[in-house]
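Content type TSV, N, CA and C atoms, from the file query_13.tsv:
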```
chain	number	residue	atom	x	y	z
D	17	MET	N	42.62	-0.88	-8.81
D	17	MET	CA	43.07	-1.90	-7.88
D	17	MET	C	43.56	-3.10	-8.68
D	18	LYS	N	44.65	-3.67	-8.28
D	18	LYS	CA	45.19	-4.86	-8.92
D	18	LYS	C	44.59	-6.09	-8.27
D	19	TYR	N	43.73	-6.79	-9.02
D	19	TYR	CA	43.11	-7.99	-8.48
D	19	TYR	C	44.09	-9.15	-8.38
D	20	SER	N	45.21	-9.08	-9.07
D	20	SER	CA	46.17	-10.18	-9.02
D	20	SER	C	46.76	-10.34	-7.62
D	21	GLN	N	46.75	-9.29	-6.83
D	21	GLN	CA	47.31	-9.40	-5.48
D	21	GLN	C	46.25	-9.78	-4.44
D	22	ILE	N	44.98	-9.80	-4.81
D	22	ILE	CA	43.90	-10.17	-3.90
D	22	ILE	C	43.78	-11.69	-3.86
D	23	GLN	N	43.79	-12.24	-2.65
D	23	GLN	CA	43.70	-13.68	-2.47
D	23	GLN	C	42.55	-14.02	-1.52
D	24	PHE	N	41.82	-15.09	-1.85
D	24	PHE	CA	40.78	-15.61	-0.98
D	24	PHE	C	41.31	-16.86	-0.29
D	25	SER	N	41.06	-17.00	0.99
D	25	SER	CA	41.50	-18.18	1.74
D	25	SER	C	40.31	-18.84	2.40
D	26	GLN	N	40.31	-20.17	2.39
D	26	GLN	CA	39.26	-20.93	3.07
D	26	GLN	C	39.80	-21.65	4.29
D	27	SER	N	40.93	-21.21	4.80
D	27	SER	CA	41.55	-21.83	5.95
D	27	SER	C	41.36	-20.99	7.21
D	28	ARG	N	40.78	-21.58	8.24
D	28	ARG	CA	40.64	-20.88	9.52
D	28	ARG	C	42.00	-20.45	10.05
D	29	GLY	N	43.01	-21.26	9.80
D	29	GLY	CA	44.34	-20.98	10.31
D	29	GLY	C	44.98	-19.74	9.72
D	30	ASP	N	44.47	-19.26	8.60
D	30	ASP	CA	45.00	-18.05	7.98
D	30	ASP	C	44.51	-16.77	8.65
D	31	ILE	N	43.49	-16.86	9.48
D	31	ILE	CA	42.89	-15.67	10.07
D	31	ILE	C	43.82	-15.07	11.11
D	32	ASP	N	44.11	-13.81	10.95
D	32	ASP	CA	44.83	-13.03	11.96
D	32	ASP	C	43.74	-12.36	12.79
D	33	ILE	N	43.50	-12.87	14.00
D	33	ILE	CA	42.38	-12.40	14.81
D	33	ILE	C	42.50	-10.91	15.13
D	34	GLY	N	43.70	-10.43	15.35
D	34	GLY	CA	43.90	-9.00	15.61
D	34	GLY	C	43.48	-8.16	14.41
D	35	GLN	N	43.86	-8.60	13.21
D	35	GLN	CA	43.43	-7.87	12.01
D	35	GLN	C	41.92	-7.96	11.82
D	36	LEU	N	41.35	-9.13	12.13
D	36	LEU	CA	39.89	-9.27	12.01
D	36	LEU	C	39.18	-8.32	12.95
D	37	GLN	N	39.65	-8.22	14.17
D	37	GLN	CA	39.07	-7.29	15.14
D	37	GLN	C	39.16	-5.86	14.62
D	38	GLU	N	40.29	-5.48	14.04
D	38	GLU	CA	40.45	-4.14	13.46
D	38	GLU	C	39.51	-3.93	12.28
D	39	LEU	N	39.38	-4.94	11.41
D	39	LEU	CA	38.48	-4.83	10.26
D	39	LEU	C	37.04	-4.62	10.72
D	40	PHE	N	36.61	-5.37	11.72
D	40	PHE	CA	35.26	-5.18	12.25
D	40	PHE	C	35.10	-3.77	12.82
D	41	ASP	N	36.09	-3.29	13.55
D	41	ASP	CA	36.00	-1.95	14.14
D	41	ASP	C	35.91	-0.87	13.07
D	42	ILE	N	36.59	-1.07	11.95
D	42	ILE	CA	36.60	-0.09	10.86
D	42	ILE	C	35.33	-0.15	10.02
D	43	ALA	N	34.86	-1.38	9.73
D	43	ALA	CA	33.86	-1.53	8.67
D	43	ALA	C	32.53	-2.14	9.09
D	44	ALA	N	32.36	-2.51	10.35
D	44	ALA	CA	31.15	-3.23	10.74
D	44	ALA	C	30.61	-2.68	12.06
D	45	PHE	N	29.66	-1.77	11.99
D	45	PHE	CA	29.11	-1.17	13.20
D	45	PHE	C	28.54	-2.23	14.13
D	46	TRP	N	28.04	-3.32	13.58
D	46	TRP	CA	27.41	-4.38	14.36
D	46	TRP	C	28.42	-5.30	15.04
D	47	ALA	N	29.70	-5.13	14.73
D	47	ALA	CA	30.72	-6.02	15.31
D	47	ALA	C	31.83	-5.26	16.03
D	48	LYS	N	31.63	-3.97	16.23
D	48	LYS	CA	32.65	-3.18	16.93
D	48	LYS	C	32.82	-3.69	18.36
D	49	GLY	N	34.06	-3.74	18.79
D	49	GLY	CA	34.34	-4.10	20.16
D	49	GLY	C	34.33	-5.58	20.46
D	50	ARG	N	34.21	-6.42	19.45
D	50	ARG	CA	34.28	-7.86	19.71
D	50	ARG	C	35.69	-8.20	20.22
D	51	ASN	N	35.76	-9.09	21.17
D	51	ASN	CA	37.08	-9.39	21.73
D	51	ASN	C	37.70	-10.62	21.05
D	52	ILE	N	39.00	-10.72	21.17
D	52	ILE	CA	39.77	-11.75	20.48
D	52	ILE	C	39.37	-13.16	20.93
D	53	LYS	N	39.13	-13.33	22.21
D	53	LYS	CA	38.73	-14.66	22.71
D	53	LYS	C	37.42	-15.12	22.06
D	54	ASP	N	36.42	-14.25	22.04
D	54	ASP	CA	35.13	-14.62	21.46
D	54	ASP	C	35.22	-14.81	19.95
D	55	LEU	N	36.00	-13.97	19.26
D	55	LEU	CA	36.19	-14.15	17.82
D	55	LEU	C	36.82	-15.51	17.52
D	56	THR	N	37.78	-15.91	18.34
D	56	THR	CA	38.44	-17.20	18.16
D	56	THR	C	37.44	-18.34	18.30
D	57	ILE	N	36.56	-18.26	19.26
D	57	ILE	CA	35.53	-19.29	19.47
D	57	ILE	C	34.56	-19.32	18.29
D	58	ALA	N	34.12	-18.14	17.84
D	58	ALA	CA	33.18	-18.08	16.71
D	58	ALA	C	33.78	-18.72	15.46
D	59	ILE	N	35.04	-18.42	15.19
D	59	ILE	CA	35.70	-18.97	14.01
D	59	ILE	C	35.85	-20.48	14.14
D	60	ALA	N	36.21	-20.94	15.32
D	60	ALA	CA	36.40	-22.38	15.53
D	60	ALA	C	35.10	-23.16	15.31
D	61	ASN	N	33.96	-22.52	15.53
D	61	ASN	CA	32.67	-23.18	15.41
D	61	ASN	C	31.95	-22.86	14.10
D	62	SER	N	32.68	-22.36	13.12
D	62	SER	CA	32.09	-21.99	11.83
D	62	SER	C	32.79	-22.74	10.70
D	63	GLU	N	32.02	-23.07	9.68
D	63	GLU	CA	32.58	-23.61	8.45
D	63	GLU	C	31.55	-23.42	7.36
D	64	PRO	N	31.93	-22.73	6.30
D	64	PRO	CA	33.26	-22.23	5.97
D	64	PRO	C	33.59	-20.92	6.67
D	65	VAL	N	34.88	-20.63	6.72
D	65	VAL	CA	35.42	-19.35	7.15
D	65	VAL	C	36.26	-18.85	5.99
D	66	ILE	N	35.87	-17.72	5.41
D	66	ILE	CA	36.55	-17.20	4.22
D	66	ILE	C	37.16	-15.85	4.56
D	67	SER	N	38.41	-15.68	4.19
D	67	SER	CA	39.08	-14.39	4.37
D	67	SER	C	39.60	-13.90	3.03
D	68	VAL	N	39.70	-12.59	2.91
D	68	VAL	CA	40.18	-11.95	1.68
D	68	VAL	C	41.38	-11.10	2.05
D	69	TRP	N	42.44	-11.25	1.28
D	69	TRP	CA	43.71	-10.61	1.61
D	69	TRP	C	44.24	-9.79	0.45
D	70	ASP	N	44.79	-8.63	0.77
D	70	ASP	CA	45.61	-7.85	-0.16
D	70	ASP	C	47.03	-7.96	0.39
D	71	LYS	N	47.77	-8.88	-0.17
D	71	LYS	CA	49.09	-9.25	0.36
D	71	LYS	C	48.92	-9.69	1.81
D	72	GLU	N	49.45	-8.95	2.79
D	72	GLU	CA	49.38	-9.32	4.20
D	72	GLU	C	48.24	-8.64	4.96
D	73	LEU	N	47.42	-7.86	4.26
D	73	LEU	CA	46.35	-7.09	4.89
D	73	LEU	C	45.00	-7.80	4.72
D	74	LEU	N	44.34	-8.09	5.83
D	74	LEU	CA	43.00	-8.68	5.80
D	74	LEU	C	42.01	-7.61	5.37
D	75	ILE	N	41.34	-7.83	4.23
D	75	ILE	CA	40.41	-6.82	3.70
D	75	ILE	C	38.98	-7.32	3.61
D	76	GLY	N	38.75	-8.59	3.88
D	76	GLY	CA	37.40	-9.12	3.82
D	76	GLY	C	37.26	-10.39	4.62
D	77	PHE	N	36.02	-10.67	5.02
D	77	PHE	CA	35.78	-11.83	5.87
D	77	PHE	C	34.31	-12.20	5.80
D	78	ALA	N	34.04	-13.50	5.90
D	78	ALA	CA	32.68	-14.02	6.09
D	78	ALA	C	32.81	-15.42	6.66
D	79	ARG	N	31.77	-15.83	7.37
D	79	ARG	CA	31.74	-17.18	7.92
D	79	ARG	C	30.31	-17.68	7.86
D	80	ALA	N	30.14	-18.98	8.02
D	80	ALA	CA	28.81	-19.57	8.02
D	80	ALA	C	28.76	-20.71	9.02
D	81	THR	N	27.56	-21.01	9.45
D	81	THR	CA	27.29	-22.21	10.24
D	81	THR	C	26.19	-22.97	9.52
D	82	SER	N	26.24	-24.31	9.61
D	82	SER	CA	25.29	-25.10	8.84
D	82	SER	C	25.20	-26.52	9.36
D	83	ASP	N	24.06	-27.16	9.09
D	83	ASP	CA	23.94	-28.60	9.33
D	83	ASP	C	24.37	-29.37	8.08
D	84	GLY	N	24.70	-28.65	7.01
D	84	GLY	CA	25.23	-29.28	5.81
D	84	GLY	C	24.18	-29.79	4.84
D	85	ILE	N	22.90	-29.73	5.21
D	85	ILE	CA	21.87	-30.25	4.32
D	85	ILE	C	20.60	-29.40	4.29
D	86	TYR	N	20.10	-28.99	5.43
D	86	TYR	CA	18.83	-28.27	5.46
D	86	TYR	C	19.00	-26.76	5.60
D	87	ARG	N	19.78	-26.32	6.56
D	87	ARG	CA	19.86	-24.90	6.87
D	87	ARG	C	21.30	-24.46	7.08
D	88	ALA	N	21.55	-23.21	6.70
D	88	ALA	CA	22.83	-22.55	6.95
D	88	ALA	C	22.56	-21.08	7.17
D	89	THR	N	23.45	-20.44	7.89
D	89	THR	CA	23.38	-19.00	8.09
D	89	THR	C	24.76	-18.42	7.81
D	90	ILE	N	24.77	-17.36	7.03
D	90	ILE	CA	26.00	-16.63	6.75
D	90	ILE	C	26.10	-15.49	7.75
D	91	TRP	N	27.30	-15.33	8.31
D	91	TRP	CA	27.54	-14.34	9.37
D	91	TRP	C	28.72	-13.45	9.02
D	92	ASP	N	28.71	-12.26	9.57
D	92	ASP	CA	29.89	-11.39	9.65
D	92	ASP	C	30.53	-11.07	8.30
D	93	VAL	N	29.72	-10.79	7.30
D	93	VAL	CA	30.25	-10.43	5.99
D	93	VAL	C	30.75	-8.99	6.04
D	94	VAL	N	32.02	-8.81	5.70
D	94	VAL	CA	32.60	-7.47	5.76
D	94	VAL	C	33.72	-7.35	4.72
D	95	ILE	N	33.74	-6.20	4.07
D	95	ILE	CA	34.82	-5.81	3.16
D	95	ILE	C	35.32	-4.44	3.64
D	96	HIS	N	36.63	-4.30	3.72
D	96	HIS	CA	37.23	-3.02	4.13
D	96	HIS	C	36.68	-1.90	3.23
D	97	PRO	N	36.32	-0.75	3.80
D	97	PRO	CA	35.74	0.35	3.00
D	97	PRO	C	36.58	0.76	1.80
D	98	ASP	N	37.90	0.70	1.89
D	98	ASP	CA	38.76	1.08	0.77
D	98	ASP	C	38.66	0.12	-0.40
D	99	TYR	N	38.06	-1.06	-0.19
D	99	TYR	CA	37.98	-2.08	-1.23
D	99	TYR	C	36.55	-2.35	-1.69
D	100	GLN	N	35.60	-1.64	-1.13
D	100	GLN	CA	34.20	-1.85	-1.50
D	100	GLN	C	33.93	-1.28	-2.90
D	101	GLY	N	32.93	-1.85	-3.55
D	101	GLY	CA	32.52	-1.37	-4.87
D	101	GLY	C	33.31	-1.98	-6.01
D	102	ASN	N	34.10	-3.00	-5.74
D	102	ASN	CA	34.90	-3.64	-6.77
D	102	ASN	C	34.54	-5.09	-7.01
D	103	GLY	N	33.41	-5.53	-6.48
D	103	GLY	CA	32.96	-6.90	-6.69
D	103	GLY	C	33.48	-7.91	-5.69
D	104	LEU	N	34.27	-7.46	-4.74
D	104	LEU	CA	34.84	-8.41	-3.76
D	104	LEU	C	33.78	-8.99	-2.83
D	105	GLY	N	32.78	-8.19	-2.46
D	105	GLY	CA	31.71	-8.69	-1.60
D	105	GLY	C	30.92	-9.80	-2.29
D	106	SER	N	30.62	-9.61	-3.56
D	106	SER	CA	29.91	-10.64	-4.32
D	106	SER	C	30.75	-11.91	-4.43
D	107	LYS	N	32.02	-11.74	-4.71
D	107	LYS	CA	32.93	-12.88	-4.82
D	107	LYS	C	33.06	-13.58	-3.47
D	108	LEU	N	33.06	-12.83	-2.38
D	108	LEU	CA	33.13	-13.40	-1.04
D	108	LEU	C	31.92	-14.29	-0.77
D	109	ILE	N	30.73	-13.78	-1.05
D	109	ILE	CA	29.50	-14.55	-0.84
D	109	ILE	C	29.48	-15.78	-1.76
D	110	GLU	N	29.89	-15.61	-2.99
D	110	GLU	CA	29.96	-16.73	-3.93
D	110	GLU	C	30.90	-17.82	-3.40
D	111	THR	N	32.03	-17.42	-2.84
D	111	THR	CA	32.98	-18.38	-2.28
D	111	THR	C	32.37	-19.12	-1.10
D	112	VAL	N	31.64	-18.42	-0.24
D	112	VAL	CA	30.95	-19.08	0.87
D	112	VAL	C	29.95	-20.10	0.34
D	113	LEU	N	29.11	-19.69	-0.59
D	113	LEU	CA	28.06	-20.56	-1.11
D	113	LEU	C	28.59	-21.76	-1.88
D	114	ASN	N	29.76	-21.64	-2.48
D	114	ASN	CA	30.35	-22.73	-3.25
D	114	ASN	C	31.18	-23.69	-2.40
D	115	HIS	N	31.34	-23.39	-1.14
D	115	HIS	CA	32.09	-24.27	-0.25
D	115	HIS	C	31.34	-25.61	-0.14
D	116	PRO	N	32.05	-26.74	-0.09
D	116	PRO	CA	31.39	-28.04	-0.02
D	116	PRO	C	30.38	-28.18	1.12
D	117	ARG	N	30.61	-27.52	2.24
D	117	ARG	CA	29.69	-27.59	3.38
D	117	ARG	C	28.36	-26.89	3.08
D	118	MET	N	28.35	-26.03	2.08
D	118	MET	CA	27.16	-25.22	1.77
D	118	MET	C	26.42	-25.66	0.52
D	119	GLN	N	27.05	-26.42	-0.34
D	119	GLN	CA	26.50	-26.70	-1.67
D	119	GLN	C	25.16	-27.42	-1.67
D	120	LYS	N	24.90	-28.29	-0.70
D	120	LYS	CA	23.65	-29.07	-0.69
D	120	LYS	C	22.59	-28.47	0.23
D	121	VAL	N	22.89	-27.34	0.85
D	121	VAL	CA	21.96	-26.76	1.82
D	121	VAL	C	20.70	-26.26	1.11
D	122	GLU	N	19.57	-26.63	1.67
D	122	GLU	CA	18.27	-26.29	1.13
D	122	GLU	C	17.95	-24.79	1.24
D	123	ARG	N	18.29	-24.19	2.39
D	123	ARG	CA	17.97	-22.78	2.61
D	123	ARG	C	19.11	-22.10	3.37
D	124	VAL	N	19.55	-20.94	2.83
D	124	VAL	CA	20.64	-20.18	3.44
D	124	VAL	C	20.07	-18.85	3.93
D	125	TYR	N	20.31	-18.56	5.19
D	125	TYR	CA	19.85	-17.33	5.81
D	125	TYR	C	21.02	-16.37	6.01
D	126	LEU	N	20.71	-15.11	6.08
D	126	LEU	CA	21.65	-14.10	6.55
D	126	LEU	C	20.86	-12.93	7.06
D	127	MET	N	21.49	-12.13	7.90
D	127	MET	CA	20.86	-10.94	8.44
D	127	MET	C	21.64	-9.73	7.99
D	128	THR	N	20.93	-8.69	7.62
D	128	THR	CA	21.59	-7.46	7.20
D	128	THR	C	20.74	-6.28	7.62
D	129	THR	N	21.39	-5.19	7.94
D	129	THR	CA	20.68	-4.00	8.36
D	129	THR	C	20.50	-3.01	7.22
D	130	HIS	N	21.57	-2.80	6.44
D	130	HIS	CA	21.53	-1.76	5.41
D	130	HIS	C	21.88	-2.25	4.01
D	131	GLN	N	22.13	-3.53	3.83
D	131	GLN	CA	22.63	-4.03	2.55
D	131	GLN	C	21.65	-4.94	1.81
D	132	GLN	N	20.36	-4.76	2.02
D	132	GLN	CA	19.38	-5.62	1.36
D	132	GLN	C	19.55	-5.62	-0.15
D	133	GLU	N	19.74	-4.46	-0.76
D	133	GLU	CA	19.87	-4.38	-2.22
D	133	GLU	C	21.07	-5.18	-2.71
D	134	PHE	N	22.18	-5.10	-2.01
D	134	PHE	CA	23.37	-5.86	-2.38
D	134	PHE	C	23.05	-7.36	-2.41
D	135	TYR	N	22.43	-7.87	-1.36
D	135	TYR	CA	22.14	-9.30	-1.29
D	135	TYR	C	21.05	-9.71	-2.27
D	136	GLU	N	20.09	-8.84	-2.54
D	136	GLU	CA	19.07	-9.15	-3.53
D	136	GLU	C	19.69	-9.33	-4.92
D	137	LYS	N	20.70	-8.55	-5.25
D	137	LYS	CA	21.40	-8.69	-6.54
D	137	LYS	C	22.06	-10.06	-6.67
D	138	ILE	N	22.46	-10.63	-5.55
D	138	ILE	CA	23.10	-11.94	-5.54
D	138	ILE	C	22.06	-13.06	-5.61
D	139	GLY	N	20.81	-12.75	-5.27
D	139	GLY	CA	19.76	-13.75	-5.34
D	139	GLY	C	19.01	-13.99	-4.04
D	140	PHE	N	19.43	-13.36	-2.96
D	140	PHE	CA	18.71	-13.49	-1.70
D	140	PHE	C	17.39	-12.74	-1.79
D	141	GLN	N	16.40	-13.21	-1.04
D	141	GLN	CA	15.08	-12.58	-1.01
D	141	GLN	C	14.74	-12.20	0.42
D	142	VAL	N	13.99	-11.12	0.57
D	142	VAL	CA	13.50	-10.73	1.88
D	142	VAL	C	12.54	-11.80	2.37
D	143	ASN	N	12.68	-12.18	3.63
D	143	ASN	CA	11.84	-13.22	4.22
D	143	ASN	C	11.24	-12.66	5.51
D	144	LYS	N	9.99	-12.30	5.46
D	144	LYS	CA	9.35	-11.68	6.62
D	144	LYS	C	8.64	-12.70	7.51
D	145	THR	N	8.66	-13.97	7.12
D	145	THR	CA	7.90	-14.95	7.88
D	145	THR	C	8.70	-15.70	8.94
D	146	THR	N	10.02	-15.59	8.91
D	146	THR	CA	10.81	-16.38	9.86
D	146	THR	C	11.70	-15.54	10.75
D	147	THR	N	11.34	-14.27	10.94
D	147	THR	CA	12.23	-13.43	11.73
D	147	THR	C	11.81	-13.41	13.19
D	148	MET	N	12.56	-14.15	13.96
D	148	MET	CA	12.39	-14.15	15.41
D	148	MET	C	13.79	-14.17	16.00
D	149	VAL	N	13.96	-13.50	17.12
D	149	VAL	CA	15.27	-13.42	17.76
D	149	VAL	C	15.06	-13.57	19.27
D	150	LEU	N	15.96	-14.27	19.92
D	150	LEU	CA	15.93	-14.39	21.38
D	150	LEU	C	17.20	-13.81	21.94
```
Show me this structure written as C-alpha cells.
Amino acid sequence: MKYSQIQFSQSRGDIDIGQLQELFDIAAFWAKGRNIKDLTIAIANSEPVISVWDKELLIGFARATSDGIYRATIWDVVIHPDYQGNGLGSKLIETVLNHPRMQKVERVYLMTTHQQEFYEKIGFQVNKTTTMVL
C-alpha cells in the first residue's frame, strides 16, 4: 500500500456521510444501519472528528466527545477491512489523542467488543470498575 496517498483530516466538513454510512456497514457490526440524519447529528456534536482517506475513498473514521479537561470518550473507530493491519488504526487513535481538545484530558474512555488487544498495545487498560450503561 502506498502511504503517500493516505490522508488524515480533522475537518468535520470533509466527511462524506454516505461514504461513512457505507464504511460502517462494511466494517462495523455495531454501527450497521445508522442513518444519515443521526450520523450528521453525532458528527456535529463531536470534537475531534478524524477521517482517513485513500484519495477520494473514506477508509477510516473516529470521533470523540469531551469536556476538554477531565473526561473524554472515543467513539466509532473504524478502518476499512482492506486497509487493516497497516498501522492506520494506531495512527488514527494517535491523531485523536493529539488533537488540542484531547491533550489535557485526565482520562479517556472507549468501548470495544473484540479489539481489547489492539487498544492495550496503544496504552489503554481494561477498566472493570466504571462500566455501567443505561
Practice task
Compare D:Gly34, D:Gly84, D:Gly105, D:Gly76 by their minimum atom-to-atom distance to D:Pro64, counting only C-alpha atoms, and give me the closest one.
Solution key: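 For D:Pro64, the nearest of the given residues is D:Gly84.
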Exercise for the section: Identify the residues within 8 Å of coordinate (23.5, -25.4, 8.0) (same frame as the file), considering all atoms listed in the file, and give the answer as a list in words. Expected result: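 So the residues meeting the distance criterion are Ala80, Thr81, Ser82, Asp83, Gly84, Ile85, Tyr86, Arg87, Ala88, Thr89, Arg117, Met118, Val121, Glu122, Arg123 and Val124 of chain D.
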Practice task
Identify, with DSSP run on backbone atoms, the residues in stretch 24-127 of chain D assigned to strand (DSSP E), and express the list as a VMD selection string.
Solution key: chain D and resid 24 to 25 65 to 70 73 to 82 87 to 95 123 to 126
Using N, CA and C atoms, can you export the residues from the last selection as a PDB file, in the frame of the given file?
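Saved the output as out00.pdb:
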```
ATOM      1  N   PHE D  24      41.820 -15.090  -1.850  1.00  0.00           N
ATOM      2  CA  PHE D  24      40.780 -15.610  -0.980  1.00  0.00           C
ATOM      3  C   PHE D  24      41.310 -16.860  -0.290  1.00  0.00           C
ATOM      4  N   SER D  25      41.060 -17.000   0.990  1.00  0.00           N
ATOM      5  CA  SER D  25      41.500 -18.180   1.740  1.00  0.00           C
ATOM      6  C   SER D  25      40.310 -18.840   2.400  1.00  0.00           C
ATOM      7  N   VAL D  65      34.880 -20.630   6.720  1.00  0.00           N
ATOM      8  CA  VAL D  65      35.420 -19.350   7.150  1.00  0.00           C
ATOM      9  C   VAL D  65      36.260 -18.850   5.990  1.00  0.00           C
ATOM     10  N   ILE D  66      35.870 -17.720   5.410  1.00  0.00           N
ATOM     11  CA  ILE D  66      36.550 -17.200   4.220  1.00  0.00           C
ATOM     12  C   ILE D  66      37.160 -15.850   4.560  1.00  0.00           C
ATOM     13  N   SER D  67      38.410 -15.680   4.190  1.00  0.00           N
ATOM     14  CA  SER D  67      39.080 -14.390   4.370  1.00  0.00           C
ATOM     15  C   SER D  67      39.600 -13.900   3.030  1.00  0.00           C
ATOM     16  N   VAL D  68      39.700 -12.590   2.910  1.00  0.00           N
ATOM     17  CA  VAL D  68      40.180 -11.950   1.680  1.00  0.00           C
ATOM     18  C   VAL D  68      41.380 -11.100   2.050  1.00  0.00           C
ATOM     19  N   TRP D  69      42.440 -11.250   1.280  1.00  0.00           N
ATOM     20  CA  TRP D  69      43.710 -10.610   1.610  1.00  0.00           C
ATOM     21  C   TRP D  69      44.240  -9.790   0.450  1.00  0.00           C
ATOM     22  N   ASP D  70      44.790  -8.630   0.770  1.00  0.00           N
ATOM     23  CA  ASP D  70      45.610  -7.850  -0.160  1.00  0.00           C
ATOM     24  C   ASP D  70      47.030  -7.960   0.390  1.00  0.00           C
ATOM     25  N   LEU D  73      47.420  -7.860   4.260  1.00  0.00           N
ATOM     26  CA  LEU D  73      46.350  -7.090   4.890  1.00  0.00           C
ATOM     27  C   LEU D  73      45.000  -7.800   4.720  1.00  0.00           C
ATOM     28  N   LEU D  74      44.340  -8.090   5.830  1.00  0.00           N
ATOM     29  CA  LEU D  74      43.000  -8.680   5.800  1.00  0.00           C
ATOM     30  C   LEU D  74      42.010  -7.610   5.370  1.00  0.00           C
ATOM     31  N   ILE D  75      41.340  -7.830   4.230  1.00  0.00           N
ATOM     32  CA  ILE D  75      40.410  -6.820   3.700  1.00  0.00           C
ATOM     33  C   ILE D  75      38.980  -7.320   3.610  1.00  0.00           C
ATOM     34  N   GLY D  76      38.750  -8.590   3.880  1.00  0.00           N
ATOM     35  CA  GLY D  76      37.400  -9.120   3.820  1.00  0.00           C
ATOM     36  C   GLY D  76      37.260 -10.390   4.620  1.00  0.00           C
ATOM     37  N   PHE D  77      36.020 -10.670   5.020  1.00  0.00           N
ATOM     38  CA  PHE D  77      35.780 -11.830   5.870  1.00  0.00           C
ATOM     39  C   PHE D  77      34.310 -12.200   5.800  1.00  0.00           C
ATOM     40  N   ALA D  78      34.040 -13.500   5.900  1.00  0.00           N
ATOM     41  CA  ALA D  78      32.680 -14.020   6.090  1.00  0.00           C
ATOM     42  C   ALA D  78      32.810 -15.420   6.660  1.00  0.00           C
ATOM     43  N   ARG D  79      31.770 -15.830   7.370  1.00  0.00           N
ATOM     44  CA  ARG D  79      31.740 -17.180   7.920  1.00  0.00           C
ATOM     45  C   ARG D  79      30.310 -17.680   7.860  1.00  0.00           C
ATOM     46  N   ALA D  80      30.140 -18.980   8.020  1.00  0.00           N
ATOM     47  CA  ALA D  80      28.810 -19.570   8.020  1.00  0.00           C
ATOM     48  C   ALA D  80      28.760 -20.710   9.020  1.00  0.00           C
ATOM     49  N   THR D  81      27.560 -21.010   9.450  1.00  0.00           N
ATOM     50  CA  THR D  81      27.290 -22.210  10.240  1.00  0.00           C
ATOM     51  C   THR D  81      26.190 -22.970   9.520  1.00  0.00           C
ATOM     52  N   SER D  82      26.240 -24.310   9.610  1.00  0.00           N
ATOM     53  CA  SER D  82      25.290 -25.100   8.840  1.00  0.00           C
ATOM     54  C   SER D  82      25.200 -26.520   9.360  1.00  0.00           C
ATOM     55  N   ARG D  87      19.780 -26.320   6.560  1.00  0.00           N
ATOM     56  CA  ARG D  87      19.860 -24.900   6.870  1.00  0.00           C
ATOM     57  C   ARG D  87      21.300 -24.460   7.080  1.00  0.00           C
ATOM     58  N   ALA D  88      21.550 -23.210   6.700  1.00  0.00           N
ATOM     59  CA  ALA D  88      22.830 -22.550   6.950  1.00  0.00           C
ATOM     60  C   ALA D  88      22.560 -21.080   7.170  1.00  0.00           C
ATOM     61  N   THR D  89      23.450 -20.440   7.890  1.00  0.00           N
ATOM     62  CA  THR D  89      23.380 -19.000   8.090  1.00  0.00           C
ATOM     63  C   THR D  89      24.760 -18.420   7.810  1.00  0.00           C
ATOM     64  N   ILE D  90      24.770 -17.360   7.030  1.00  0.00           N
ATOM     65  CA  ILE D  90      26.000 -16.630   6.750  1.00  0.00           C
ATOM     66  C   ILE D  90      26.100 -15.490   7.750  1.00  0.00           C
ATOM     67  N   TRP D  91      27.300 -15.330   8.310  1.00  0.00           N
ATOM     68  CA  TRP D  91      27.540 -14.340   9.370  1.00  0.00           C
ATOM     69  C   TRP D  91      28.720 -13.450   9.020  1.00  0.00           C
ATOM     70  N   ASP D  92      28.710 -12.260   9.570  1.00  0.00           N
ATOM     71  CA  ASP D  92      29.890 -11.390   9.650  1.00  0.00           C
ATOM     72  C   ASP D  92      30.530 -11.070   8.300  1.00  0.00           C
ATOM     73  N   VAL D  93      29.720 -10.790   7.300  1.00  0.00           N
ATOM     74  CA  VAL D  93      30.250 -10.430   5.990  1.00  0.00           C
ATOM     75  C   VAL D  93      30.750  -8.990   6.040  1.00  0.00           C
ATOM     76  N   VAL D  94      32.020  -8.810   5.700  1.00  0.00           N
ATOM     77  CA  VAL D  94      32.600  -7.470   5.760  1.00  0.00           C
ATOM     78  C   VAL D  94      33.720  -7.350   4.720  1.00  0.00           C
ATOM     79  N   ILE D  95      33.740  -6.200   4.070  1.00  0.00           N
ATOM     80  CA  ILE D  95      34.820  -5.810   3.160  1.00  0.00           C
ATOM     81  C   ILE D  95      35.320  -4.440   3.640  1.00  0.00           C
ATOM     82  N   ARG D 123      18.290 -24.190   2.390  1.00  0.00           N
ATOM     83  CA  ARG D 123      17.970 -22.780   2.610  1.00  0.00           C
ATOM     84  C   ARG D 123      19.110 -22.100   3.370  1.00  0.00           C
ATOM     85  N   VAL D 124      19.550 -20.940   2.830  1.00  0.00           N
ATOM     86  CA  VAL D 124      20.640 -20.180   3.440  1.00  0.00           C
ATOM     87  C   VAL D 124      20.070 -18.850   3.930  1.00  0.00           C
ATOM     88  N   TYR D 125      20.310 -18.560   5.190  1.00  0.00           N
ATOM     89  CA  TYR D 125      19.850 -17.330   5.810  1.00  0.00           C
ATOM     90  C   TYR D 125      21.020 -16.370   6.010  1.00  0.00           C
ATOM     91  N   LEU D 126      20.710 -15.110   6.080  1.00  0.00           N
ATOM     92  CA  LEU D 126      21.650 -14.100   6.550  1.00  0.00           C
ATOM     93  C   LEU D 126      20.860 -12.930   7.060  1.00  0.00           C
TER      94      LEU D 126
END
```
I'd like a table as JSON lines: residues in stretch 51-137 of chain D with an atom no more than 7 Å from stretch 36-39 of chain D, each row giving the shortest atom pair and its distance in Å to one decimal, only N, CA and C atoms counted, sorted by chain and rising residue number.
```
{"residue": "D:Asn51", "atom": "C", "partner": "D:Gln37", "partner_atom": "CA", "distance": 6.9}
{"residue": "D:Ile52", "atom": "N", "partner": "D:Gln37", "partner_atom": "CA", "distance": 6.9}
{"residue": "D:Leu74", "atom": "CA", "partner": "D:Leu36", "partner_atom": "N", "distance": 6.6}
{"residue": "D:His96", "atom": "CA", "partner": "D:Leu39", "partner_atom": "CA", "distance": 6.5}
```
Problem - Between atom CA of D:Leu113 and atom N of D:Ile22 - distance in Å to one decimal - result: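 Distance reported for this atom pair: 20.4 Å.
Checking D:Lys144, D:Arg79, D:Lys71, D:His115 one by one against D:Ala58, counting only N, CA and C atoms, you find the shortest gap at D:Arg79.
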Fill in the blank from the handout: Restricting to all atoms listed in the file, whichever of D:Asn61, D:Ile75, D:Asn102, D:Gly49 is closest to D:Gln35 is D:Ile75
